[in-house]
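S.K.: Can you keep this structure in mind? I'll have questions shortly.
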Amino acid sequence: MDQKPLSLLHIHVKLLGFSLHSITPWPNNPSIFYLNGKRISRVEILGVVTSRDYKPNKFLRFTLDDGTHSITCILWLNHLTSPFFASRQPATLRVISDLAKCFADDIHFGKVARVRGRVSSYRGDLQVTVSDVVIEKDPDAETLHRLDCISLGRRCYFG
């Protein structure tokens with residue numbers, strides 16, 4: 001019995017930094033990338049915050065380092081002023097804006113953060129456009145994330 005290939009396009013793929021930096025863009029759509037021949041658009045990463053560039057009411061750009069590679073993340077903070085978000089309901093925008101501000105307040109140098117978001121490219125460099133952030137308090141979070149990435153890589157992504 002043939003199994004249909006696992007679709008990774010609409011899930012958050014758990015990746016280590018070196019795997020994220022090995023993906024390639026899909027030529028027909030700049031928001032889709034290839035990971036070992038499988039299309040992906042969303043990722044979950046975890047690492048230590050090693051840099052933070054904060055522009056109030058615009059964005060927070062920060063870097064996560066998971067020991068295998070550094071990953072640039074961008075958290076937009078301009079939901080209420082950007083025309084990009086104008087088509088959304090005002091109540092929804094307020095909630096998203098408030099959440100983004102809370103996430104930005106939590107991200108500090110040296111903290112271990114779990115980030116989920118869309119893979120994107122800016123000036124030829126990969127980055128993650130953040131949709132949510134969790135600051136990890138469990139000292140084993142990094143080890144467990146790394147083991148999950150290895151296991152999922154063998155079973156789903158590269159197997």
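Please note that chains go A, B, ... in the order of the structure tokens, that every chain numbers its residues from 1, and that ligands are numbered from 1 in the order shown.
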Could I get the residues of range 25-62 of chain A with an atom no further than 12 Å from an atom of range 88-98 of chain A, each paired with its nearest atom pair and that distance in Å to one decimal, using only C-alpha atoms, sorted by chain and residue number, as JSON lines?

M.R.:
{"residue": "A:Asn57", "atom": "CA", "partner": "A:Ser97", "partner_atom": "CA", "distance": 9.5}
{"residue": "A:Lys58", "atom": "CA", "partner": "A:Ser97", "partner_atom": "CA", "distance": 10.9}
{"residue": "A:Phe59", "atom": "CA", "partner": "A:Ser97", "partner_atom": "CA", "distance": 11.2}

S.K.: Suppose we keep all heavy atoms; can you now write the selection as a PDB file, in the first residue's frame?

M.R.:
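In the end it all went to selection_12.pdb:
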ATOM      1  N   ASN A  57       7.232  50.423  18.180  1.00  0.00           N
ATOM      2  CA  ASN A  57       6.093  50.526  17.259  1.00  0.00           C
ATOM      3  C   ASN A  57       6.447  50.182  15.814  1.00  0.00           C
ATOM      4  O   ASN A  57       5.673  50.463  14.903  1.00  0.00           O
ATOM      5  CB  ASN A  57       5.450  51.907  17.332  1.00  0.00           C
ATOM      6  CG  ASN A  57       4.894  52.177  18.708  1.00  0.00           C
ATOM      7  OD1 ASN A  57       4.264  51.314  19.317  1.00  0.00           O
ATOM      8  ND2 ASN A  57       5.157  53.364  19.222  1.00  0.00           N
ATOM      9  N   LYS A  58       7.612  49.574  15.599  1.00  0.00           N
ATOM     10  CA  LYS A  58       8.004  49.140  14.252  1.00  0.00           C
ATOM     11  C   LYS A  58       8.318  47.656  14.252  1.00  0.00           C
ATOM     12  O   LYS A  58       7.596  46.873  13.661  1.00  0.00           O
ATOM     13  CB  LYS A  58       9.195  49.947  13.740  1.00  0.00           C
ATOM     14  CG  LYS A  58       8.870  51.392  13.477  1.00  0.00           C
ATOM     15  CD  LYS A  58      10.040  52.133  12.892  1.00  0.00           C
ATOM     16  CE  LYS A  58       9.632  53.595  12.690  1.00  0.00           C
ATOM     17  NZ  LYS A  58      10.721  54.378  12.144  1.00  0.00           N
ATOM     18  N   PHE A  59       9.411  47.265  14.923  1.00  0.00           N
ATOM     19  CA  PHE A  59       9.807  45.863  14.929  1.00  0.00           C
ATOM     20  C   PHE A  59      10.805  45.579  16.041  1.00  0.00           C
ATOM     21  O   PHE A  59      11.409  46.495  16.604  1.00  0.00           O
ATOM     22  CB  PHE A  59      10.407  45.441  13.578  1.00  0.00           C
ATOM     23  CG  PHE A  59      11.705  46.136  13.239  1.00  0.00           C
ATOM     24  CD1 PHE A  59      12.924  45.661  13.715  1.00  0.00           C
ATOM     25  CD2 PHE A  59      11.704  47.254  12.424  1.00  0.00           C
ATOM     26  CE1 PHE A  59      14.110  46.303  13.406  1.00  0.00           C
ATOM     27  CE2 PHE A  59      12.882  47.896  12.096  1.00  0.00           C
ATOM     28  CZ  PHE A  59      14.095  47.412  12.593  1.00  0.00           C
TER      29      PHE A  59
END

S.K.: For range 110-116 of chain A, work out the shell of residues within 7 Å, counting only C-alpha atoms and skipping chain neighbours fewer than 3 positions away, then give it as a ChimeraX atom specification.

M.R.: /A:12,43-50,107,130-136

S.K.: Create the file for the chosen residues now, containing all heavy atoms and written as a tab-separated table (two decimals), in the first residue's frame.

M.R.:
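What follows is the written file out.tsv:
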chain	number	residue	atom	x	y	z
A	12	HIS	N	4.26	23.81	11.61
A	12	HIS	CA	5.52	24.38	12.10
A	12	HIS	C	6.53	23.24	12.22
A	12	HIS	O	6.41	22.39	13.09
A	12	HIS	CB	5.31	25.06	13.45
A	12	HIS	CG	4.59	26.35	13.33
A	12	HIS	ND1	3.22	26.46	13.49
A	12	HIS	CD2	5.02	27.60	13.03
A	12	HIS	CE1	2.86	27.71	13.32
A	12	HIS	NE2	3.93	28.43	13.03
A	43	VAL	N	8.20	27.32	10.68
A	43	VAL	CA	9.17	26.59	11.49
A	43	VAL	C	8.96	26.89	12.97
A	43	VAL	O	8.34	27.88	13.35
A	43	VAL	CB	10.63	26.94	11.11
A	43	VAL	CG1	10.96	26.47	9.70
A	43	VAL	CG2	10.92	28.41	11.27
A	44	GLU	N	9.51	25.98	13.77
A	44	GLU	CA	9.64	26.19	15.21
A	44	GLU	C	11.11	26.02	15.53
A	44	GLU	O	11.71	25.00	15.19
A	44	GLU	CB	8.80	25.18	15.99
A	44	GLU	CG	8.93	25.35	17.49
A	44	GLU	CD	8.05	24.38	18.27
A	44	GLU	OE1	6.88	24.17	17.88
A	44	GLU	OE2	8.55	23.83	19.27
A	45	ILE	N	11.69	27.02	16.17
A	45	ILE	CA	13.10	26.99	16.53
A	45	ILE	C	13.23	27.33	18.01
A	45	ILE	O	12.31	27.90	18.61
A	45	ILE	CB	13.92	27.96	15.67
A	45	ILE	CG1	13.36	29.38	15.77
A	45	ILE	CG2	13.96	27.49	14.21
A	45	ILE	CD1	14.16	30.43	15.03
A	46	LEU	N	14.37	27.00	18.58
A	46	LEU	CA	14.61	27.29	19.99
A	46	LEU	C	16.08	27.60	20.16
A	46	LEU	O	16.94	26.92	19.59
A	46	LEU	CB	14.21	26.09	20.85
A	46	LEU	CG	14.31	26.29	22.35
A	46	LEU	CD1	13.10	25.70	23.03
A	46	LEU	CD2	15.57	25.67	22.91
A	47	GLY	N	16.38	28.65	20.91
A	47	GLY	CA	17.77	28.99	21.15
A	47	GLY	C	17.89	30.13	22.14
A	47	GLY	O	16.90	30.65	22.66
A	48	VAL	N	19.13	30.52	22.38
A	48	VAL	CA	19.44	31.60	23.30
A	48	VAL	C	19.43	32.91	22.53
A	48	VAL	O	20.00	33.00	21.43
A	48	VAL	CB	20.83	31.38	23.95
A	48	VAL	CG1	21.22	32.55	24.85
A	48	VAL	CG2	20.86	30.07	24.72
A	49	VAL	N	18.79	33.92	23.09
A	49	VAL	CA	18.77	35.24	22.47
A	49	VAL	C	20.17	35.85	22.59
A	49	VAL	O	20.67	36.02	23.69
A	49	VAL	CB	17.72	36.17	23.13
A	49	VAL	CG1	17.74	37.56	22.53
A	49	VAL	CG2	16.32	35.55	23.05
A	50	THR	N	20.79	36.12	21.43
A	50	THR	CA	22.16	36.64	21.43
A	50	THR	C	22.26	38.07	20.92
A	50	THR	O	23.32	38.68	21.03
A	50	THR	CB	23.09	35.73	20.59
A	50	THR	OG1	22.57	35.63	19.27
A	50	THR	CG2	23.21	34.35	21.22
A	107	ILE	N	11.49	39.15	25.37
A	107	ILE	CA	12.71	38.72	24.68
A	107	ILE	C	13.88	39.59	25.14
A	107	ILE	O	13.94	40.79	24.85
A	107	ILE	CB	12.53	38.82	23.14
A	107	ILE	CG1	11.42	37.88	22.71
A	107	ILE	CG2	13.84	38.50	22.43
A	107	ILE	CD1	10.96	38.08	21.29
A	130	VAL	N	8.14	36.17	13.10
A	130	VAL	CA	7.61	35.57	14.33
A	130	VAL	C	6.09	35.68	14.41
A	130	VAL	O	5.52	36.75	14.18
A	130	VAL	CB	8.25	36.25	15.55
A	130	VAL	CG1	7.67	35.72	16.85
A	130	VAL	CG2	9.77	36.11	15.52
A	131	SER	N	5.45	34.55	14.78
A	131	SER	CA	4.02	34.58	15.09
A	131	SER	C	3.78	34.40	16.58
A	131	SER	O	2.82	34.93	17.11
A	131	SER	CB	3.25	33.53	14.29
A	131	SER	OG	3.76	32.26	14.51
A	132	ASP	N	4.65	33.64	17.25
A	132	ASP	CA	4.55	33.56	18.71
A	132	ASP	C	5.88	33.17	19.33
A	132	ASP	O	6.74	32.60	18.68
A	132	ASP	CB	3.42	32.62	19.17
A	132	ASP	CG	3.60	31.19	18.73
A	132	ASP	OD1	4.26	30.44	19.46
A	132	ASP	OD2	3.08	30.83	17.66
A	133	VAL	N	6.02	33.53	20.62
A	133	VAL	CA	7.25	33.31	21.37
A	133	VAL	C	6.90	32.78	22.75
A	133	VAL	O	5.95	33.25	23.38
A	133	VAL	CB	8.04	34.64	21.56
A	133	VAL	CG1	9.27	34.42	22.41
A	133	VAL	CG2	8.39	35.27	20.24
A	134	VAL	N	7.68	31.80	23.20
A	134	VAL	CA	7.58	31.32	24.57
A	134	VAL	C	8.99	31.37	25.16
A	134	VAL	O	9.93	30.85	24.56
A	134	VAL	CB	7.04	29.87	24.64
A	134	VAL	CG1	7.09	29.33	26.06
A	134	VAL	CG2	5.63	29.80	24.09
A	135	ILE	N	9.13	32.02	26.31
A	135	ILE	CA	10.41	32.01	27.01
A	135	ILE	C	10.44	30.74	27.85
A	135	ILE	O	9.56	30.51	28.68
A	135	ILE	CB	10.57	33.26	27.90
A	135	ILE	CG1	10.51	34.53	27.04
A	135	ILE	CG2	11.89	33.19	28.68
A	135	ILE	CD1	11.55	34.62	25.94
A	136	GLU	N	11.44	29.91	27.60
A	136	GLU	CA	11.54	28.61	28.27
A	136	GLU	C	12.16	28.76	29.65
A	136	GLU	O	13.18	29.43	29.81
A	136	GLU	CB	12.37	27.64	27.43
A	136	GLU	CG	11.70	27.18	26.18
A	136	GLU	CD	10.52	26.25	26.43
A	136	GLU	OE1	10.35	25.76	27.56
A	136	GLU	OE2	9.76	26.02	25.47

S.K.: Do a neighbour search on Thr63 in chain A at 8 Å with only C-alpha atoms, toss out local chain neighbours closer than 6 positions, and write the hits as a list in words.

M.R.: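 In the requested form, the answer reads Val49, Thr50, Ser51, Arg52, Ser70, Ile71, Thr72 and Cys73 of chain A.
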
S.K.: Could you work out how far CA of Lys101 in chain A lies from CA of Phe18 in chain A, giving the answer in Å with one decimal?

M.R.: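 Pair CA of Phe18 in chain A / CA of Lys101 in chain A returns 28.9 Å.
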
S.K.: One decimal, Å: what's the distance from CA of Arg61 in chain A over to CA of Ser151 in chain A, could you say?

M.R.: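 According to the coordinates, CA of Arg61 in chain A and CA of Ser151 in chain A are separated by 29.7 Å.
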
S.K.: Determine, counting only C-alpha atoms, which protein, DNA and RNA residues have an atom within 12 Å of an atom of Asn29 in chain A; residues of the same chain fewer than 2 positions away are not included. Present the result as a list in words.

M.R.: Thr24, Pro25, Trp26, Pro27, Ser31, Ile32, Phe33, Tyr34, Arg39, Ile40, Ser41, Ser120 and Ser121 of chain A

S.K.: Mind dumping the selected residues with N, CA and C atoms as a short mmCIF file (atom, residue, chain, number, x, y, z; two decimals), in the first residue's frame?

M.R.:
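So part_21.cif came out as:
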data_model
loop_
_atom_site.label_atom_id
_atom_site.label_comp_id
_atom_site.auth_asym_id
_atom_site.auth_seq_id
_atom_site.Cartn_x
_atom_site.Cartn_y
_atom_site.Cartn_z
N THR A 24 16.12 25.82 0.69
CA THR A 24 16.24 26.64 -0.52
C THR A 24 14.87 27.18 -0.90
N PRO A 25 14.82 28.38 -1.48
CA PRO A 25 13.52 28.95 -1.86
C PRO A 25 12.92 28.23 -3.04
N TRP A 26 11.61 28.16 -3.05
CA TRP A 26 10.87 27.60 -4.17
C TRP A 26 10.76 28.71 -5.21
N PRO A 27 11.16 28.47 -6.45
CA PRO A 27 11.22 29.55 -7.44
C PRO A 27 9.88 30.21 -7.76
N SER A 31 7.43 32.60 -0.51
CA SER A 31 7.10 32.26 0.87
C SER A 31 7.14 30.75 1.12
N ILE A 32 7.58 29.99 0.12
CA ILE A 32 7.70 28.54 0.26
C ILE A 32 9.15 28.15 0.02
N PHE A 33 9.63 27.21 0.84
CA PHE A 33 11.02 26.77 0.77
C PHE A 33 11.05 25.25 0.68
N TYR A 34 12.17 24.73 0.22
CA TYR A 34 12.38 23.29 0.14
C TYR A 34 13.30 22.83 1.27
N ARG A 39 8.20 20.76 0.68
CA ARG A 39 7.89 22.18 0.81
C ARG A 39 7.54 22.53 2.25
N ILE A 40 8.11 23.64 2.73
CA ILE A 40 7.80 24.14 4.07
C ILE A 40 7.60 25.64 3.99
N SER A 41 6.88 26.17 4.97
CA SER A 41 6.71 27.62 5.05
C SER A 41 6.81 28.11 6.50
N SER A 120 11.12 33.45 5.90
CA SER A 120 11.12 34.50 4.89
C SER A 120 12.56 34.83 4.54
N SER A 121 12.70 35.65 3.53
CA SER A 121 14.02 36.06 3.10
C SER A 121 14.04 37.57 3.04
#

S.K.: Tell me which of A:Asn78, A:Ser7, A:Thr68, A:Asn36 sits closest to Pro56 in chain A, counting only C-alpha atoms.

M.R.: A:Asn78

S.K.: Which residue gives the smallest distance to Phe109 in chain A among A:Lys55, A:Asp65, A:His10, A:Gly37, with only C-alpha atoms counted?

M.R.: A:Asp65

S.K.: From a backbone DSSP assignment, name each residue in range 46-156 of chain A labelled alpha helix (DSSP H), as a list in words.

M.R.: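 Restricting range 46-156 of chain A to alpha helix (DSSP H) produces Pro90, Ala91, Thr92, Leu93, Arg94, Val95, Ile96, Ser97, Asp98, Leu99, Ala100, Lys101, Cys102, Phe103, Ala104, Asp105, Asp106, Ala141, Glu142, Thr143, Leu144, His145, Arg146, Leu147, Asp148, Cys149, Ile150, Ser151 and Leu152 of chain A.
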
S.K.: How many Å separate CA of Ile74 in chain A from CA of Leu20 in chain A?

M.R.: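 Between these atoms lies a distance of 15.3 Å.
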
S.K.: List the spatial neighbours of His145 in chain A as a tab-separated table (two decimals) with N, CA and C atoms, in the first residue's frame - criterion: any atom at most 8 Å away, only C-alpha atoms, same-chain residues fewer than 4 positions off excluded.

M.R.:
chain	number	residue	atom	x	y	z
A	14	LYS	N	9.84	21.62	13.23
A	14	LYS	CA	10.88	21.83	14.23
A	14	LYS	C	12.24	21.64	13.58
A	46	LEU	N	14.37	27.00	18.58
A	46	LEU	CA	14.61	27.29	19.99
A	46	LEU	C	16.08	27.60	20.16
A	141	ALA	N	14.84	22.24	28.14
A	141	ALA	CA	14.12	22.58	26.91
A	141	ALA	C	15.01	22.49	25.67
A	149	CYS	N	14.12	17.46	17.14
A	149	CYS	CA	14.55	17.79	15.77
A	149	CYS	C	15.26	16.61	15.11

S.K.: Of the residues A:Leu77, A:Val119, A:Leu99, A:Ala104, which is the one nearest to Ile11 in chain A, using only C-alpha atoms?

M.R.: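 Ranking A:Leu77, A:Val119, A:Leu99, A:Ala104 by distance to Ile11 in chain A, first place goes to A:Val119.
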
S.K.: Under the rule that only C-alpha atoms are counted, which of A:Cys156, A:Leu9, A:Arg146, A:Gly17 is the nearest residue to Val128 in chain A?

M.R.: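 Under the stated criterion, the closest residue is A:Gly17.
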